[in-house]
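Enquirer: Just one file: final.csv, with CSV, N, CA and C atoms.
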```
chain,number,residue,atom,x,y,z
A,5,MET,N,128.3,-23.7,-102.2
A,5,MET,CA,129.4,-22.9,-102.7
A,5,MET,C,130.4,-23.8,-103.4
A,6,LYS,N,130.6,-25.0,-102.8
A,6,LYS,CA,131.6,-25.9,-103.5
A,6,LYS,C,131.2,-26.2,-104.9
A,7,GLN,N,129.9,-26.4,-105.1
A,7,GLN,CA,129.4,-26.8,-106.4
A,7,GLN,C,129.4,-25.7,-107.4
A,8,SER,N,129.6,-24.4,-107.0
A,8,SER,CA,129.7,-23.3,-107.9
A,8,SER,C,131.1,-23.3,-108.6
A,9,HIS,N,132.0,-24.0,-108.1
A,9,HIS,CA,133.4,-24.1,-108.6
A,9,HIS,C,134.0,-22.6,-108.8
A,10,GLY,N,134.0,-22.0,-107.6
A,10,GLY,CA,134.6,-20.6,-107.6
A,10,GLY,C,133.7,-19.6,-108.3
A,11,PHE,N,132.4,-19.8,-108.2
A,11,PHE,CA,131.4,-18.9,-108.9
A,11,PHE,C,131.5,-18.9,-110.4
A,12,SER,N,131.9,-20.0,-110.9
A,12,SER,CA,132.0,-20.1,-112.4
A,12,SER,C,130.8,-20.9,-113.0
A,13,ARG,N,130.0,-21.5,-112.2
A,13,ARG,CA,128.8,-22.2,-112.7
A,13,ARG,C,127.6,-21.3,-112.2
A,14,LEU,N,126.7,-21.0,-113.1
A,14,LEU,CA,125.6,-20.0,-112.9
A,14,LEU,C,124.6,-20.5,-111.8
A,15,LEU,N,124.0,-21.6,-112.0
A,15,LEU,CA,122.9,-22.0,-111.1
A,15,LEU,C,123.4,-22.2,-109.6
A,16,PRO,N,124.5,-23.0,-109.4
A,16,PRO,CA,125.0,-23.1,-108.1
A,16,PRO,C,125.4,-21.7,-107.5
A,17,SER,N,125.9,-20.8,-108.3
A,17,SER,CA,126.3,-19.5,-107.8
A,17,SER,C,125.1,-18.7,-107.4
A,18,ILE,N,124.0,-18.8,-108.2
A,18,ILE,CA,122.8,-18.1,-107.8
A,18,ILE,C,122.2,-18.6,-106.5
A,19,ILE,N,122.3,-19.9,-106.4
A,19,ILE,CA,121.8,-20.6,-105.1
A,19,ILE,C,122.6,-20.1,-103.9
A,20,THR,N,123.9,-20.1,-104.1
A,20,THR,CA,124.8,-19.8,-103.0
A,20,THR,C,124.6,-18.3,-102.6
A,21,ILE,N,124.5,-17.4,-103.5
A,21,ILE,CA,124.4,-16.0,-103.2
A,21,ILE,C,123.0,-15.8,-102.6
A,22,SER,N,122.0,-16.4,-103.1
A,22,SER,CA,120.6,-16.3,-102.5
A,22,SER,C,120.6,-16.8,-101.1
A,23,THR,N,121.2,-17.9,-100.8
A,23,THR,CA,121.2,-18.4,-99.4
A,23,THR,C,122.0,-17.6,-98.5
A,24,MET,N,123.1,-17.0,-99.0
A,24,MET,CA,123.9,-16.0,-98.2
A,24,MET,C,123.1,-14.8,-97.8
A,25,VAL,N,122.4,-14.2,-98.8
A,25,VAL,CA,121.6,-13.1,-98.5
A,25,VAL,C,120.5,-13.4,-97.5
A,26,ALA,N,119.8,-14.6,-97.7
A,26,ALA,CA,118.8,-15.0,-96.7
A,26,ALA,C,119.4,-15.2,-95.3
A,27,SER,N,120.6,-15.8,-95.3
A,27,SER,CA,121.2,-16.0,-94.0
A,27,SER,C,121.5,-14.7,-93.3
A,28,PHE,N,122.0,-13.7,-94.0
A,28,PHE,CA,122.3,-12.4,-93.3
A,28,PHE,C,121.0,-11.7,-92.9
A,29,TRP,N,120.0,-11.9,-93.7
A,29,TRP,CA,118.7,-11.3,-93.3
A,29,TRP,C,118.1,-11.9,-92.1
A,30,LEU,N,118.2,-13.3,-92.0
A,30,LEU,CA,117.7,-14.0,-90.8
A,30,LEU,C,118.6,-13.6,-89.6
A,31,LEU,N,119.9,-13.4,-89.7
A,31,LEU,CA,120.7,-12.9,-88.6
A,31,LEU,C,120.2,-11.5,-88.2
A,32,ALA,N,119.9,-10.6,-89.1
A,32,ALA,CA,119.4,-9.3,-88.7
A,32,ALA,C,118.0,-9.4,-88.0
A,33,VAL,N,117.2,-10.3,-88.5
A,33,VAL,CA,115.9,-10.5,-87.8
A,33,VAL,C,116.1,-11.0,-86.4
A,34,ALA,N,117.0,-11.9,-86.2
A,34,ALA,CA,117.3,-12.5,-84.9
A,34,ALA,C,117.8,-11.4,-83.9
A,35,MET,N,118.6,-10.5,-84.4
A,35,MET,CA,119.2,-9.5,-83.6
A,35,MET,C,118.2,-8.5,-83.1
A,36,ARG,N,117.0,-8.5,-83.6
A,36,ARG,CA,115.9,-7.6,-83.1
A,36,ARG,C,115.5,-8.1,-81.7
A,37,THR,N,115.6,-9.4,-81.4
A,37,THR,CA,115.1,-9.8,-80.1
A,37,THR,C,116.1,-10.5,-79.2
A,38,ILE,N,117.3,-10.8,-79.7
A,38,ILE,CA,118.3,-11.4,-78.9
A,38,ILE,C,119.6,-10.6,-79.0
A,39,PRO,N,120.5,-10.6,-78.0
A,39,PRO,CA,121.7,-9.9,-78.1
A,39,PRO,C,122.6,-10.3,-79.2
A,40,LEU,N,123.4,-9.4,-79.7
A,40,LEU,CA,124.3,-9.6,-80.8
A,40,LEU,C,125.2,-10.8,-80.6
A,41,GLY,N,125.9,-10.9,-79.5
A,41,GLY,CA,126.8,-12.1,-79.2
A,41,GLY,C,126.0,-13.4,-79.3
A,42,THR,N,124.8,-13.5,-78.8
A,42,THR,CA,124.1,-14.7,-78.8
A,42,THR,C,123.6,-15.0,-80.2
A,43,ALA,N,123.1,-14.0,-80.9
A,43,ALA,CA,122.6,-14.1,-82.3
A,43,ALA,C,123.8,-14.6,-83.2
A,44,TYR,N,124.9,-14.0,-83.1
A,44,TYR,CA,126.0,-14.3,-84.0
A,44,TYR,C,126.6,-15.7,-83.7
A,45,THR,N,126.6,-16.1,-82.4
A,45,THR,CA,127.1,-17.4,-82.0
A,45,THR,C,126.1,-18.5,-82.6
A,46,ILE,N,124.8,-18.3,-82.4
A,46,ILE,CA,123.9,-19.2,-83.0
A,46,ILE,C,123.9,-19.3,-84.5
A,47,TRP,N,124.1,-18.1,-85.1
A,47,TRP,CA,124.2,-18.1,-86.6
A,47,TRP,C,125.4,-18.9,-87.1
A,48,THR,N,126.5,-18.7,-86.5
A,48,THR,CA,127.7,-19.4,-86.9
A,48,THR,C,127.6,-20.9,-86.6
A,49,GLY,N,127.0,-21.2,-85.5
A,49,GLY,CA,126.9,-22.6,-85.1
A,49,GLY,C,125.9,-23.3,-86.1
A,50,ILE,N,124.8,-22.7,-86.4
A,50,ILE,CA,123.9,-23.3,-87.4
A,50,ILE,C,124.6,-23.5,-88.7
A,51,GLY,N,125.4,-22.5,-89.1
A,51,GLY,CA,126.1,-22.6,-90.4
A,51,GLY,C,127.1,-23.8,-90.3
A,52,ALA,N,127.8,-23.9,-89.2
A,52,ALA,CA,128.8,-25.0,-89.1
A,52,ALA,C,128.1,-26.4,-89.1
A,53,VAL,N,127.1,-26.5,-88.3
A,53,VAL,CA,126.4,-27.8,-88.3
A,53,VAL,C,125.7,-28.1,-89.6
A,54,GLY,N,125.1,-27.0,-90.2
A,54,GLY,CA,124.4,-27.1,-91.5
A,54,GLY,C,125.4,-27.6,-92.6
A,55,ALA,N,126.6,-27.0,-92.6
A,55,ALA,CA,127.6,-27.4,-93.6
A,55,ALA,C,128.0,-28.8,-93.4
A,56,PHE,N,128.2,-29.2,-92.1
A,56,PHE,CA,128.5,-30.6,-91.8
A,56,PHE,C,127.4,-31.5,-92.4
A,57,LEU,N,126.2,-31.2,-92.1
A,57,LEU,CA,125.1,-32.1,-92.6
A,57,LEU,C,125.0,-32.1,-94.1
A,58,VAL,N,125.2,-31.0,-94.8
A,58,VAL,CA,125.1,-30.9,-96.3
A,58,VAL,C,126.3,-31.7,-96.8
A,59,GLY,N,127.5,-31.6,-96.2
A,59,GLY,CA,128.6,-32.3,-96.6
A,59,GLY,C,128.4,-33.8,-96.6
A,60,ILE,N,127.8,-34.3,-95.5
A,60,ILE,CA,127.5,-35.7,-95.4
A,60,ILE,C,126.4,-36.1,-96.4
A,61,ALA,N,125.3,-35.4,-96.5
A,61,ALA,CA,124.2,-35.8,-97.3
A,61,ALA,C,124.4,-35.6,-98.8
A,62,PHE,N,125.2,-34.6,-99.2
A,62,PHE,CA,125.3,-34.4,-100.7
A,62,PHE,C,126.7,-34.5,-101.2
A,63,LEU,N,127.7,-34.4,-100.4
A,63,LEU,CA,129.1,-34.3,-100.9
A,63,LEU,C,129.9,-35.5,-100.5
A,64,ALA,N,129.3,-36.5,-99.9
A,64,ALA,CA,129.9,-37.8,-99.6
A,64,ALA,C,131.1,-37.6,-98.6
A,65,GLU,N,131.0,-36.7,-97.7
A,65,GLU,CA,132.0,-36.5,-96.7
A,65,GLU,C,131.9,-37.6,-95.7
A,66,PRO,N,133.0,-37.9,-95.0
A,66,PRO,CA,133.0,-39.0,-94.1
A,66,PRO,C,132.2,-38.8,-92.8
A,67,VAL,N,131.6,-39.8,-92.3
A,67,VAL,CA,130.9,-39.8,-91.1
A,67,VAL,C,131.6,-40.7,-90.1
A,68,ASN,N,131.9,-40.1,-88.9
A,68,ASN,CA,132.4,-41.0,-87.9
A,68,ASN,C,131.9,-40.5,-86.5
A,69,ALA,N,132.2,-41.2,-85.5
A,69,ALA,CA,131.6,-40.9,-84.2
A,69,ALA,C,132.1,-39.6,-83.7
A,70,ALA,N,133.4,-39.3,-83.9
A,70,ALA,CA,134.0,-38.0,-83.4
A,70,ALA,C,133.3,-36.8,-84.1
A,71,ARG,N,133.1,-36.9,-85.4
A,71,ARG,CA,132.4,-35.8,-86.0
A,71,ARG,C,131.0,-35.6,-85.6
A,72,ILE,N,130.3,-36.7,-85.4
A,72,ILE,CA,128.9,-36.6,-84.9
A,72,ILE,C,128.9,-36.0,-83.5
A,73,ILE,N,129.8,-36.5,-82.6
A,73,ILE,CA,129.8,-35.9,-81.2
A,73,ILE,C,130.2,-34.4,-81.3
A,74,ALA,N,131.1,-34.0,-82.1
A,74,ALA,CA,131.4,-32.6,-82.2
A,74,ALA,C,130.2,-31.8,-82.6
A,75,ALA,N,129.4,-32.3,-83.6
A,75,ALA,CA,128.2,-31.6,-84.0
A,75,ALA,C,127.2,-31.5,-82.9
A,76,ILE,N,127.1,-32.6,-82.1
A,76,ILE,CA,126.1,-32.6,-81.0
A,76,ILE,C,126.6,-31.6,-79.9
A,77,LEU,N,127.9,-31.5,-79.7
A,77,LEU,CA,128.4,-30.5,-78.7
A,77,LEU,C,128.2,-29.1,-79.2
A,78,ILE,N,128.3,-28.8,-80.5
A,78,ILE,CA,128.0,-27.5,-81.0
A,78,ILE,C,126.6,-27.1,-80.8
A,79,VAL,N,125.7,-28.0,-81.1
A,79,VAL,CA,124.2,-27.8,-80.9
A,79,VAL,C,123.9,-27.6,-79.4
A,80,SER,N,124.6,-28.4,-78.6
A,80,SER,CA,124.4,-28.2,-77.1
A,80,SER,C,124.8,-26.9,-76.7
A,81,GLY,N,126.0,-26.4,-77.2
A,81,GLY,CA,126.5,-25.1,-76.8
A,81,GLY,C,125.5,-24.0,-77.3
A,82,LEU,N,124.9,-24.2,-78.5
A,82,LEU,CA,124.0,-23.2,-79.0
A,82,LEU,C,122.8,-23.1,-78.1
A,83,VAL,N,122.3,-24.2,-77.7
A,83,VAL,CA,121.1,-24.3,-76.8
A,83,VAL,C,121.4,-23.6,-75.5
A,84,LEU,N,122.6,-23.9,-74.9
A,84,LEU,CA,123.0,-23.3,-73.7
A,84,LEU,C,123.2,-21.8,-73.8
A,85,MET,N,123.7,-21.3,-75.0
A,85,MET,CA,123.9,-19.9,-75.2
A,85,MET,C,122.6,-19.2,-75.3
A,86,LYS,N,121.6,-19.8,-75.9
A,86,LYS,CA,120.3,-19.2,-76.1
A,86,LYS,C,119.6,-19.1,-74.7
A,87,LEU,N,119.7,-20.2,-74.0
A,87,LEU,CA,119.0,-20.3,-72.7
A,87,LEU,C,119.6,-19.3,-71.7
A,88,SER,N,120.9,-19.1,-71.8
A,88,SER,CA,121.6,-18.2,-70.9
A,88,SER,C,121.4,-16.7,-71.2
A,89,SER,N,120.8,-16.4,-72.4
A,89,SER,CA,120.6,-15.0,-72.7
A,89,SER,C,119.2,-14.6,-72.5
A,90,ALA,N,118.4,-15.5,-71.9
A,90,ALA,CA,117.0,-15.1,-71.7
A,90,ALA,C,116.8,-14.2,-70.5
```
Is it possible to express this structure as structure tokens?
Expert:
Amino acid sequence: MKQSHGFSRLLPSIITISTMVASFWLLAVAMRTIPLGTAYTIWTGIGAVGAFLVGIAFLAEPVNAARIIAAILIVSGLVLMKLSSA
């Protein structure tokens, strides 16, 4: 989304909108088998950690121990959330 410059660049805008639609569709698919609260928590957590990783890999965002630990804690929480909803 950052690369679309406010949806003023065509290709990054198309990629952003396509991935948003795919993301919502995958959330809907997940809600067929797991509770809404669990599905939404996992969906937002994946988005947060995914944005963190994309920022590091492609946008030269800073990497430090605190940010990595925070991402690990998010993933740990997602795993615990999923396990507790079984």
Enquirer: Of the residues A:Ala69, A:Met35, A:Ile19, A:Ala26, which is the one nearest to Lys6 (chain A), using only C-alpha atoms?
Expert: A:Ile19
Enquirer: So how far away is CA of Gly54 (chain A) from atom C of Ala70 (chain A), in Å?
Expert: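 Those two atoms sit 15.1 Å apart.
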Enquirer: Between A:Gly41, A:Ala75, A:Lys86, A:Ala32, which one has atoms that come closest to Ala55 (chain A), using only C-alpha atoms?
Expert: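 Comparing A:Gly41, A:Ala75, A:Lys86, A:Ala32 against Ala55 (chain A), the winner is A:Ala75.
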Enquirer: Counting only C-alpha atoms, which residue out of A:Ala52, A:Phe28, A:Leu14, A:Ala43 sits closest to Arg71 (chain A)?
Expert: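 Using only C-alpha atoms, Arg71 (chain A) sits closest to A:Ala52.
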Enquirer: Neighbours of Ser80 (chain A) within 12 Å (only C-alpha atoms; same-chain residues fewer than 5 positions away dropped), as a PyMOL selection string?
Expert: chain A and resi 46+49-50+53+73-75+85-87
Enquirer: Of the candidates A:Met5, A:Leu30, A:Ile72, A:Val79, which shows the shortest atom-to-atom distance to Ile18 (chain A), using only C-alpha atoms?
Expert: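 The shortest atom-to-atom distance to Ile18 (chain A) comes from A:Met5.
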Enquirer: So the first atom is atom C of Thr20 (chain A) and the second is CA of Leu84 (chain A); what is the distance between them in Å, to one decimal place?
Expert: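 Those two atoms sit 29.4 Å apart.
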Enquirer: Using the chain letters and numbers from this document, which residues of chain A does DSSP assign to alpha helix (DSSP H), as number ranges by chain?
Expert: A: 14-34, 40-63, 69-88
Enquirer: Could you tell me how far CA of Ile78 (chain A) sits from CA of Ser17 (chain A), in Å to one decimal place?
Expert: 28.0 Å
